[in-house]
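Data file: start-v3.cif. Format and content: mmCIF, C-alpha atoms.
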data_start
loop_
_atom_site.group_PDB
_atom_site.id
_atom_site.type_symbol
_atom_site.label_atom_id
_atom_site.label_comp_id
_atom_site.auth_asym_id
_atom_site.auth_seq_id
_atom_site.Cartn_x
_atom_site.Cartn_y
_atom_site.Cartn_z
ATOM 1 C CA MET K 1 -0.003 17.021 -24.748
ATOM 2 C CA ASP K 2 3.770 16.809 -24.611
ATOM 3 C CA ILE K 3 5.021 18.487 -21.402
ATOM 4 C CA ARG K 4 8.167 19.642 -23.213
ATOM 5 C CA HIS K 5 6.080 21.452 -25.803
ATOM 6 C CA LEU K 6 4.104 23.149 -23.045
ATOM 7 C CA THR K 7 7.402 24.175 -21.418
ATOM 8 C CA TYR K 8 8.658 25.634 -24.699
ATOM 9 C CA PHE K 9 5.444 27.633 -25.201
ATOM 10 C CA ILE K 10 5.616 29.016 -21.647
ATOM 11 C CA GLU K 11 9.192 30.163 -22.271
ATOM 12 C CA VAL K 12 8.138 31.963 -25.470
ATOM 13 C CA ALA K 13 5.086 33.483 -23.736
ATOM 14 C CA LYS K 14 7.027 34.721 -20.715
ATOM 15 C CA ASN K 15 9.785 36.267 -22.862
ATOM 16 C CA ARG K 16 7.343 37.568 -25.478
ATOM 17 C CA SER K 17 10.063 36.595 -27.937
ATOM 18 C CA PHE K 18 11.021 33.539 -29.952
ATOM 19 C CA THR K 19 14.599 34.848 -30.073
ATOM 20 C CA LYS K 20 15.036 35.112 -26.303
ATOM 21 C CA ALA K 21 13.223 31.807 -25.724
ATOM 22 C CA SER K 22 15.408 29.987 -28.268
ATOM 23 C CA GLN K 23 18.529 31.318 -26.555
ATOM 24 C CA SER K 24 17.236 30.279 -23.137
ATOM 25 C CA LEU K 25 16.223 26.801 -24.316
ATOM 26 C CA HIS K 26 19.171 26.322 -26.713
ATOM 27 C CA LEU K 27 16.796 25.555 -29.576
ATOM 28 C CA SER K 28 16.442 27.129 -33.017
ATOM 29 C CA GLN K 29 13.690 29.684 -33.579
ATOM 30 C CA SER K 30 12.240 27.539 -36.349
ATOM 31 C CA THR K 31 11.952 24.564 -33.977
ATOM 32 C CA LEU K 32 10.204 26.715 -31.351
ATOM 33 C CA SER K 33 7.863 28.182 -33.942
ATOM 34 C CA LYS K 34 6.946 24.686 -35.131
ATOM 35 C CA VAL K 35 6.349 23.463 -31.574
ATOM 36 C CA VAL K 36 3.999 26.360 -30.799
ATOM 37 C CA LYS K 37 2.150 25.822 -34.095
ATOM 38 C CA ASN K 38 1.711 22.112 -33.320
ATOM 39 C CA LEU K 39 0.407 22.977 -29.843
ATOM 40 C CA GLU K 40 -2.134 25.372 -31.348
ATOM 41 C CA GLU K 41 -3.299 22.711 -33.783
ATOM 42 C CA GLU K 42 -3.583 20.175 -30.971
ATOM 43 C CA LEU K 43 -5.660 22.552 -28.845
ATOM 44 C CA ASN K 44 -7.501 23.945 -31.862
ATOM 45 C CA VAL K 45 -6.929 27.558 -30.758
ATOM 46 C CA GLU K 46 -4.547 30.392 -31.544
ATOM 47 C CA LEU K 47 -2.174 31.056 -28.661
ATOM 48 C CA ILE K 48 -0.146 33.892 -30.175
ATOM 49 C CA ASP K 49 -1.432 36.949 -32.020
ATOM 50 C CA ARG K 50 0.848 37.092 -35.059
ATOM 51 C CA SER K 51 -0.691 40.273 -36.468
ATOM 52 C CA THR K 52 1.603 42.498 -34.417
ATOM 53 C CA LYS K 53 5.358 43.022 -34.529
ATOM 54 C CA GLN K 54 5.873 42.064 -30.900
ATOM 55 C CA ILE K 55 4.514 38.756 -29.669
ATOM 56 C CA GLU K 56 1.191 39.102 -27.877
ATOM 57 C CA LEU K 57 -0.834 36.265 -26.379
ATOM 58 C CA THR K 58 -4.436 35.684 -27.275
ATOM 59 C CA GLU K 59 -6.974 35.114 -24.483
ATOM 60 C CA ALA K 60 -6.470 31.388 -25.051
ATOM 61 C CA GLY K 61 -2.718 31.923 -24.818
ATOM 62 C CA ASP K 62 -3.120 33.694 -21.464
ATOM 63 C CA ILE K 63 -5.143 30.742 -20.161
ATOM 64 C CA VAL K 64 -2.630 28.157 -21.407
ATOM 65 C CA LEU K 65 0.238 30.161 -19.891
ATOM 66 C CA ALA K 66 -1.426 30.392 -16.469
ATOM 67 C CA GLU K 67 -2.655 26.792 -16.395
ATOM 68 C CA GLY K 68 0.585 25.519 -17.919
ATOM 69 C CA GLU K 69 2.661 27.164 -15.197
ATOM 70 C CA ALA K 70 0.385 25.580 -12.575
ATOM 71 C CA ILE K 71 0.810 22.164 -14.229
ATOM 72 C CA LEU K 72 4.604 22.478 -14.288
ATOM 73 C CA GLU K 73 4.623 23.594 -10.656
ATOM 74 C CA SER K 74 2.505 20.559 -9.716
ATOM 75 C CA LEU K 75 4.855 18.260 -11.607
ATOM 76 C CA ASN K 76 7.805 19.823 -9.831
ATOM 77 C CA ASP K 77 6.047 19.341 -6.471
ATOM 78 C CA LEU K 78 5.320 15.718 -7.441
ATOM 79 C CA SER K 79 8.967 15.074 -8.202
ATOM 80 C CA THR K 80 10.061 16.757 -4.976
ATOM 81 C CA ASN K 81 7.555 14.832 -2.877
ATOM 82 C CA LEU K 82 8.517 11.522 -4.483
ATOM 83 C CA TYR K 83 12.174 12.289 -3.900
ATOM 84 C CA ASP K 84 11.440 13.105 -0.262
ATOM 85 C CA LEU K 85 9.427 9.909 0.100
ATOM 86 C CA MET K 86 12.094 7.684 -1.434
ATOM 87 C CA ASN K 87 14.817 9.380 0.616
ATOM 88 C CA LEU K 88 12.809 9.074 3.858
ATOM 89 C CA LYS K 89 12.365 12.803 4.286
ATOM 90 C CA LYS K 90 8.641 12.237 4.635
ATOM 91 C CA GLY K 91 6.147 9.405 4.931
ATOM 92 C CA LYS K 92 3.444 7.970 7.166
ATOM 93 C CA ILE K 93 3.293 4.654 9.038
ATOM 94 C CA LYS K 94 0.162 3.287 10.721
ATOM 95 C CA ILE K 95 1.034 0.914 13.565
ATOM 96 C CA GLY K 96 -1.275 -1.119 15.799
ATOM 97 C CA LEU K 97 -0.191 -2.027 19.337
ATOM 98 C CA PRO K 98 -1.775 -3.999 22.166
ATOM 99 C CA PRO K 99 -1.854 -1.738 25.266
ATOM 100 C CA ILE K 100 0.903 -3.628 27.097
ATOM 101 C CA ILE K 101 3.356 -2.866 24.281
ATOM 102 C CA GLY K 102 2.776 0.854 24.485
ATOM 103 C CA PHE K 103 2.969 0.737 28.257
ATOM 104 C CA LEU K 104 6.225 -1.206 28.376
ATOM 105 C CA PHE K 105 8.389 -1.136 25.301
ATOM 106 C CA PHE K 106 7.467 0.981 22.328
ATOM 107 C CA PRO K 107 8.024 4.582 23.479
ATOM 108 C CA LYS K 108 11.826 4.256 23.278
ATOM 109 C CA VAL K 109 11.566 2.549 19.867
ATOM 110 C CA LEU K 110 9.369 5.344 18.552
ATOM 111 C CA LYS K 111 11.658 7.989 20.017
ATOM 112 C CA GLY K 112 14.749 6.414 18.451
ATOM 113 C CA PHE K 113 13.108 6.185 15.019
ATOM 114 C CA ASN K 114 11.707 9.705 15.284
ATOM 115 C CA ASN K 115 15.180 11.054 16.082
ATOM 116 C CA LEU K 116 16.476 9.498 12.850
ATOM 117 C CA TYR K 117 13.479 10.414 10.664
ATOM 118 C CA PRO K 118 11.685 13.384 12.249
ATOM 119 C CA ASP K 119 9.461 14.029 9.211
ATOM 120 C CA ILE K 120 8.002 10.518 9.029
ATOM 121 C CA LYS K 121 4.671 10.555 10.845
ATOM 122 C CA LEU K 122 3.907 7.556 13.065
ATOM 123 C CA LYS K 123 0.214 7.022 13.707
ATOM 124 C CA ILE K 124 -0.295 4.679 16.669
ATOM 125 C CA SER K 125 -3.538 2.895 17.546
ATOM 126 C CA GLU K 126 -4.020 0.619 20.549
ATOM 127 C CA ASP K 127 -6.187 -2.462 20.235
ATOM 128 C CA ASP K 128 -6.475 -6.137 21.019
ATOM 129 C CA SER K 129 -3.871 -8.349 19.342
ATOM 130 C CA ASN K 130 -6.552 -10.093 17.257
ATOM 131 C CA LYS K 131 -7.948 -6.766 16.037
ATOM 132 C CA VAL K 132 -4.441 -5.533 15.201
ATOM 133 C CA LYS K 133 -3.849 -8.705 13.201
ATOM 134 C CA GLN K 134 -7.098 -8.275 11.275
ATOM 135 C CA ASP K 135 -6.408 -4.607 10.523
ATOM 136 C CA VAL K 136 -2.948 -5.459 9.152
ATOM 137 C CA LYS K 137 -4.519 -8.196 7.015
ATOM 138 C CA ASP K 138 -7.186 -5.754 5.734
ATOM 139 C CA GLY K 139 -4.602 -3.067 4.961
ATOM 140 C CA VAL K 140 -5.992 -0.630 7.562
ATOM 141 C CA LEU K 141 -2.620 -0.770 9.343
ATOM 142 C CA ASP K 142 0.850 -0.987 7.821
ATOM 143 C CA LEU K 143 2.320 -2.819 10.802
ATOM 144 C CA GLY K 144 1.210 -4.381 14.056
ATOM 145 C CA VAL K 145 2.739 -5.859 17.185
ATOM 146 C CA VAL K 146 1.000 -9.092 18.181
ATOM 147 C CA ILE K 147 1.419 -12.212 20.243
ATOM 148 C CA LEU K 148 3.215 -14.941 18.307
ATOM 149 C CA PRO K 149 2.807 -17.290 16.549
ATOM 150 C CA VAL K 150 0.970 -15.937 13.498
ATOM 151 C CA ASP K 151 -0.048 -17.522 10.197
ATOM 152 C CA GLU K 152 3.123 -17.289 8.106
ATOM 153 C CA LYS K 153 1.082 -17.645 4.912
ATOM 154 C CA GLU K 154 -0.573 -14.303 5.653
ATOM 155 C CA PHE K 155 2.078 -12.308 7.509
ATOM 156 C CA GLU K 156 5.731 -11.423 7.444
ATOM 157 C CA PHE K 157 7.026 -11.026 10.981
ATOM 158 C CA VAL K 158 10.047 -9.927 12.961
ATOM 159 C CA PRO K 159 10.407 -11.479 16.449
ATOM 160 C CA LEU K 160 10.650 -8.691 19.001
ATOM 161 C CA VAL K 161 10.183 -10.010 22.508
ATOM 162 C CA ASP K 162 10.827 -13.436 23.988
ATOM 163 C CA GLU K 163 9.836 -13.143 27.629
ATOM 164 C CA GLU K 164 7.803 -15.031 30.211
ATOM 165 C CA LEU K 165 4.684 -14.279 32.176
ATOM 166 C CA ALA K 166 4.922 -14.260 35.953
ATOM 167 C CA VAL K 167 2.542 -14.207 38.903
ATOM 168 C CA PHE K 168 2.447 -10.872 40.726
ATOM 169 C CA VAL K 169 1.578 -10.912 44.422
ATOM 170 C CA HIS K 170 1.633 -8.570 47.404
ATOM 171 C CA HIS K 171 4.805 -8.884 49.485
ATOM 172 C CA SER K 172 2.744 -10.185 52.410
ATOM 173 C CA HIS K 173 1.341 -13.047 50.321
ATOM 174 C CA PRO K 174 2.665 -16.516 51.275
ATOM 175 C CA LEU K 175 3.912 -17.048 47.704
ATOM 176 C CA ALA K 176 6.106 -13.957 47.963
ATOM 177 C CA LYS K 177 8.763 -16.054 49.698
ATOM 178 C CA ARG K 178 9.019 -18.395 46.711
ATOM 179 C CA GLU K 179 11.469 -18.137 43.814
ATOM 180 C CA ARG K 180 9.262 -20.184 41.462
ATOM 181 C CA VAL K 181 5.633 -21.241 41.432
ATOM 182 C CA GLU K 182 3.544 -23.745 39.472
ATOM 183 C CA LEU K 183 0.401 -22.454 37.811
ATOM 184 C CA LYS K 184 -1.796 -25.095 39.476
ATOM 185 C CA GLU K 185 -0.882 -23.649 42.884
ATOM 186 C CA LEU K 186 -3.008 -20.584 42.061
ATOM 187 C CA GLU K 187 -6.282 -22.519 41.995
ATOM 188 C CA ASN K 188 -7.713 -20.888 45.137
ATOM 189 C CA GLU K 189 -6.435 -17.372 44.478
ATOM 190 C CA SER K 190 -8.483 -14.333 43.477
ATOM 191 C CA PHE K 191 -7.264 -12.907 40.169
ATOM 192 C CA VAL K 192 -6.999 -9.323 38.968
ATOM 193 C CA LEU K 193 -6.755 -9.742 35.182
ATOM 194 C CA PHE K 194 -6.120 -7.453 32.284
ATOM 195 C CA LYS K 195 -9.303 -7.086 30.265
ATOM 196 C CA GLN K 196 -7.754 -7.329 26.800
ATOM 197 C CA GLU K 197 -9.487 -10.222 25.073
ATOM 198 C CA LEU K 198 -6.542 -12.208 23.734
ATOM 199 C CA PHE K 199 -4.372 -11.768 26.833
ATOM 200 C CA HIS K 200 -7.318 -12.609 29.105
ATOM 201 C CA SER K 201 -8.140 -15.712 27.042
ATOM 202 C CA LEU K 202 -4.510 -16.856 27.176
ATOM 203 C CA ILE K 203 -4.489 -16.756 31.006
ATOM 204 C CA VAL K 204 -7.834 -18.562 31.331
ATOM 205 C CA GLN K 205 -6.782 -21.194 28.789
ATOM 206 C CA GLU K 206 -3.500 -21.949 30.574
ATOM 207 C CA CYS K 207 -5.212 -22.125 33.976
ATOM 208 C CA GLN K 208 -7.734 -24.595 32.588
ATOM 209 C CA ARG K 209 -4.888 -26.606 31.124
ATOM 210 C CA ALA K 210 -3.414 -26.715 34.635
ATOM 211 C CA GLY K 211 -6.706 -28.166 35.917
ATOM 212 C CA PHE K 212 -8.748 -25.212 37.199
ATOM 213 C CA SER K 213 -10.727 -22.164 36.140
ATOM 214 C CA PRO K 214 -9.382 -18.937 37.648
ATOM 215 C CA LYS K 215 -11.507 -17.053 40.148
ATOM 216 C CA ILE K 216 -11.579 -13.605 38.579
ATOM 217 C CA ALA K 217 -12.279 -10.894 41.147
ATOM 218 C CA TYR K 218 -11.534 -7.904 38.892
ATOM 219 C CA GLU K 219 -11.070 -7.289 35.175
ATOM 220 C CA LEU K 220 -9.320 -4.018 34.407
ATOM 221 C CA SER K 221 -8.140 -2.220 31.278
ATOM 222 C CA GLU K 222 -5.206 -0.283 32.797
ATOM 223 C CA TRP K 223 -1.943 -1.924 33.835
ATOM 224 C CA GLY K 224 -1.285 0.779 36.407
ATOM 225 C CA PHE K 225 -4.666 0.106 38.017
ATOM 226 C CA ILE K 226 -3.852 -3.618 38.193
ATOM 227 C CA GLY K 227 -0.616 -2.785 40.010
ATOM 228 C CA GLU K 228 -2.485 -0.625 42.516
ATOM 229 C CA MET K 229 -5.003 -3.411 43.177
ATOM 230 C CA ILE K 230 -2.210 -5.920 43.863
ATOM 231 C CA GLY K 231 -0.501 -3.292 46.008
ATOM 232 C CA GLU K 232 -3.652 -3.117 48.142
ATOM 233 C CA ASN K 233 -3.593 -6.930 48.415
ATOM 234 C CA LEU K 234 -6.928 -7.288 46.622
ATOM 235 C CA GLY K 235 -5.771 -10.196 44.473
ATOM 236 C CA ILE K 236 -2.935 -11.615 42.403
ATOM 237 C CA SER K 237 -2.308 -11.227 38.714
ATOM 238 C CA ILE K 238 -0.458 -12.842 35.834
ATOM 239 C CA CYS K 239 1.443 -10.290 33.769
ATOM 240 C CA PRO K 240 4.507 -10.084 31.530
ATOM 241 C CA LYS K 241 7.510 -10.201 33.866
ATOM 242 C CA PRO K 242 9.071 -6.945 32.521
ATOM 243 C CA ILE K 243 6.077 -5.029 33.846
ATOM 244 C CA GLU K 244 7.510 -5.396 37.366
ATOM 245 C CA THR K 245 9.613 -2.293 36.635
ATOM 246 C CA LYS K 246 6.366 -0.301 36.353
ATOM 247 C CA PHE K 247 4.959 -1.516 39.670
ATOM 248 C CA ASP K 248 5.917 -0.588 43.231
ATOM 249 C CA GLN K 249 8.505 -3.276 43.933
ATOM 250 C CA ASP K 250 8.399 -2.520 47.665
ATOM 251 C CA LEU K 251 4.815 -3.785 47.650
ATOM 252 C CA ILE K 252 4.693 -6.258 44.773
ATOM 253 C CA LYS K 253 6.810 -9.268 43.857
ATOM 254 C CA ALA K 254 6.936 -11.016 40.469
ATOM 255 C CA ILE K 255 7.483 -14.776 40.670
ATOM 256 C CA PRO K 256 8.351 -16.795 37.523
ATOM 257 C CA PHE K 257 6.466 -19.977 36.685
ATOM 258 C CA GLU K 258 7.868 -23.485 36.495
ATOM 259 C CA ASN K 259 6.502 -26.820 35.260
ATOM 260 C CA PRO K 260 5.908 -25.369 32.761
ATOM 261 C CA SER K 261 7.200 -21.853 32.230
ATOM 262 C CA PHE K 262 4.761 -19.396 30.708
ATOM 263 C CA PRO K 263 6.240 -17.976 27.453
ATOM 264 C CA TRP K 264 5.219 -14.613 26.040
ATOM 265 C CA LYS K 265 6.469 -13.925 22.518
ATOM 266 C CA LEU K 266 5.719 -10.829 20.472
ATOM 267 C CA GLY K 267 6.460 -9.912 16.889
ATOM 268 C CA LEU K 268 6.101 -7.039 14.430
ATOM 269 C CA ILE K 269 3.884 -8.169 11.549
ATOM 270 C CA SER K 270 3.168 -6.871 8.055
ATOM 271 C CA LYS K 271 0.886 -8.239 5.375
ATOM 272 C CA LYS K 272 2.509 -10.792 3.114
ATOM 273 C CA LYS K 273 2.793 -9.883 -0.573
ATOM 274 C CA LYS K 274 1.983 -6.222 0.133
ATOM 275 C CA HIS K 275 4.622 -3.833 -1.208
ATOM 276 C CA PRO K 276 5.663 -1.672 1.770
ATOM 277 C CA SER K 277 6.503 2.000 1.428
ATOM 278 C CA PRO K 278 10.119 3.111 1.898
ATOM 279 C CA ALA K 279 9.210 4.451 5.362
ATOM 280 C CA VAL K 280 7.636 1.141 6.409
ATOM 281 C CA ARG K 281 10.638 -0.818 5.120
ATOM 282 C CA GLU K 282 12.989 1.435 7.068
ATOM 283 C CA PHE K 283 10.926 1.092 10.239
ATOM 284 C CA ILE K 284 10.997 -2.713 9.985
ATOM 285 C CA LYS K 285 14.754 -2.551 9.440
ATOM 286 C CA TYR K 286 15.194 -0.231 12.428
ATOM 287 C CA VAL K 287 13.073 -2.374 14.766
ATOM 288 C CA SER K 288 14.839 -5.547 13.616
ATOM 289 C CA ALA K 289 18.157 -3.973 14.610
ATOM 290 C CA GLN K 290 16.767 -3.120 18.068
ATOM 291 C CA SER K 291 15.332 -6.568 18.761
ATOM 292 C CA PRO K 292 15.124 -7.724 21.426
ATOM 293 C CA PHE K 293 14.609 -4.172 22.675
ATOM 294 C CA LEU K 294 14.103 -5.158 26.275
ATOM 295 C CA SER K 295 17.828 -5.485 26.808
#
Turn the structure described in the file into structure tokens.
Amino acid sequence: MDIRHLTYFIEVAKNRSFTKASQSLHLSQSTLSKVVKNLEEELNVELIDRSTKQIELTEAGDIVLAEGEAILESLNDLSTNLYDLMNLKKGKIKIGLPPIIGFLFFPKVLKGFNNLYPDIKLKISEDDSNKVKQDVKDGVLDLGVVILPVDEKEFEFVPLVDEELAVFVHHSHPLAKRERVELKELENESFVLFKQELFHSLIVQECQRAGFSPKIAYELSEWGFIGEMIGENLGISICPKPIETKFDQDLIKAIPFENPSFPWKLGLISKKKKHPSPAVREFIKYVSAQSPFLS
């Protein structure tokens, strides 16, 4: 069915007049009459009762008028919604974050983007970096923040954070007087570690590379809780250095590593070869302009 023909019929039906409809549509009466006749033949029903002087709709005509108006309204809504989507007046972005990202960096990024595009919904889920990566690969998430590097054959990425990890100790700890520390010096310390699988594995792996396995006293899933444990002098921890701003710096000192340093790089990833929505493209563009957003 030609949508234009349906539009022409609706105009005739609403005006109950070919003359008024032809004036409104700027078409000849003969053209309108032909269009309505063709529509009747296509639907195999009579839409207009031609036995009376004034145009009256048949029962079928009433149905086509009502359903036709609903169809045109839906098409209008479709056009409006697509326009809004393309012009970033609406949209939805699903983003996966490891907990440390939400705790440290992302709230101000989300706030800045939301101020620019208040009608784009941002759905945030927290999970391990590996799980975030898999969900982006599977299309469950549009975007994810993960520890770099990633497989560049599978993901597009924007570098976000280039920081270092540091050892966090109570101010009474002997290491608190140091400006730098080597990882191997922590061999006999009791560790309070973040429970997240990838972050935890990274710490253990680097300690083993330095020649020892860390003595893990506590494994916790909340960064604030880790800070409180260090503040009570119940162990030391290895955390991203920027997290020191979230801890009580009167009680806790962050000491950078040397020989070697302990890099911590994060990036925003999206699935390669997947066509992103306008909202996702704009979010990537916005985050790229903010990077590095620790400064």
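Each of K:Lys184, K:Lys241, K:Lys215, K:Lys123 was compared to Ala166 (chain K) using all atoms listed in the file, and K:Lys241 turns out to be the nearest.
With all atoms listed in the file as the basis for measurement, K:Pro98 is the residue among K:Pro98, K:Gly68, K:Gly267, K:Pro149 that approaches Asp127 (chain K) most closely.
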Inset, instruction - Counting all atoms listed in the file, figure out which residue out of K:Pro276, K:Pro159, K:Pro240, K:Gly231 gets nearest to Trp264 (chain K). - result: K:Pro240
Let me know the residues the PyMOL selection byres ((chain K and resi 23-28) around 12) catches in the file above, as a PDB file with C-alpha atoms, in the coordinates of the input.
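Contents of expr_6.pdb, freshly written:
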ATOM      1  CA  ARG K   4       8.167  19.642 -23.213  1.00  0.00           C
ATOM      2  CA  HIS K   5       6.080  21.452 -25.803  1.00  0.00           C
ATOM      3  CA  THR K   7       7.402  24.175 -21.418  1.00  0.00           C
ATOM      4  CA  TYR K   8       8.658  25.634 -24.699  1.00  0.00           C
ATOM      5  CA  PHE K   9       5.444  27.633 -25.201  1.00  0.00           C
ATOM      6  CA  ILE K  10       5.616  29.016 -21.647  1.00  0.00           C
ATOM      7  CA  GLU K  11       9.192  30.163 -22.271  1.00  0.00           C
ATOM      8  CA  VAL K  12       8.138  31.963 -25.470  1.00  0.00           C
ATOM      9  CA  LYS K  14       7.027  34.721 -20.715  1.00  0.00           C
ATOM     10  CA  ASN K  15       9.785  36.267 -22.862  1.00  0.00           C
ATOM     11  CA  SER K  17      10.063  36.595 -27.937  1.00  0.00           C
ATOM     12  CA  PHE K  18      11.021  33.539 -29.952  1.00  0.00           C
ATOM     13  CA  THR K  19      14.599  34.848 -30.073  1.00  0.00           C
ATOM     14  CA  LYS K  20      15.036  35.112 -26.303  1.00  0.00           C
ATOM     15  CA  ALA K  21      13.223  31.807 -25.724  1.00  0.00           C
ATOM     16  CA  SER K  22      15.408  29.987 -28.268  1.00  0.00           C
ATOM     17  CA  GLN K  29      13.690  29.684 -33.579  1.00  0.00           C
ATOM     18  CA  SER K  30      12.240  27.539 -36.349  1.00  0.00           C
ATOM     19  CA  THR K  31      11.952  24.564 -33.977  1.00  0.00           C
ATOM     20  CA  LEU K  32      10.204  26.715 -31.351  1.00  0.00           C
ATOM     21  CA  SER K  33       7.863  28.182 -33.942  1.00  0.00           C
ATOM     22  CA  LYS K  34       6.946  24.686 -35.131  1.00  0.00           C
ATOM     23  CA  VAL K  35       6.349  23.463 -31.574  1.00  0.00           C
TER      24      VAL K  35
END
Inset, instruction - Mind checking which residues fall within 9 Å of Phe283 (chain K), counting all atoms listed in the file, ignoring those fewer than 5 positions away in the same chain, and posting them as a ChimeraX atom specification? - result: /K:93,113,278,288
Inset, instruction - Kindly give the distance, in Å, that separates CA of Lys272 (chain K) and CA of Gly139 (chain K), rounded to a single decimal. - result: 10.7 Å
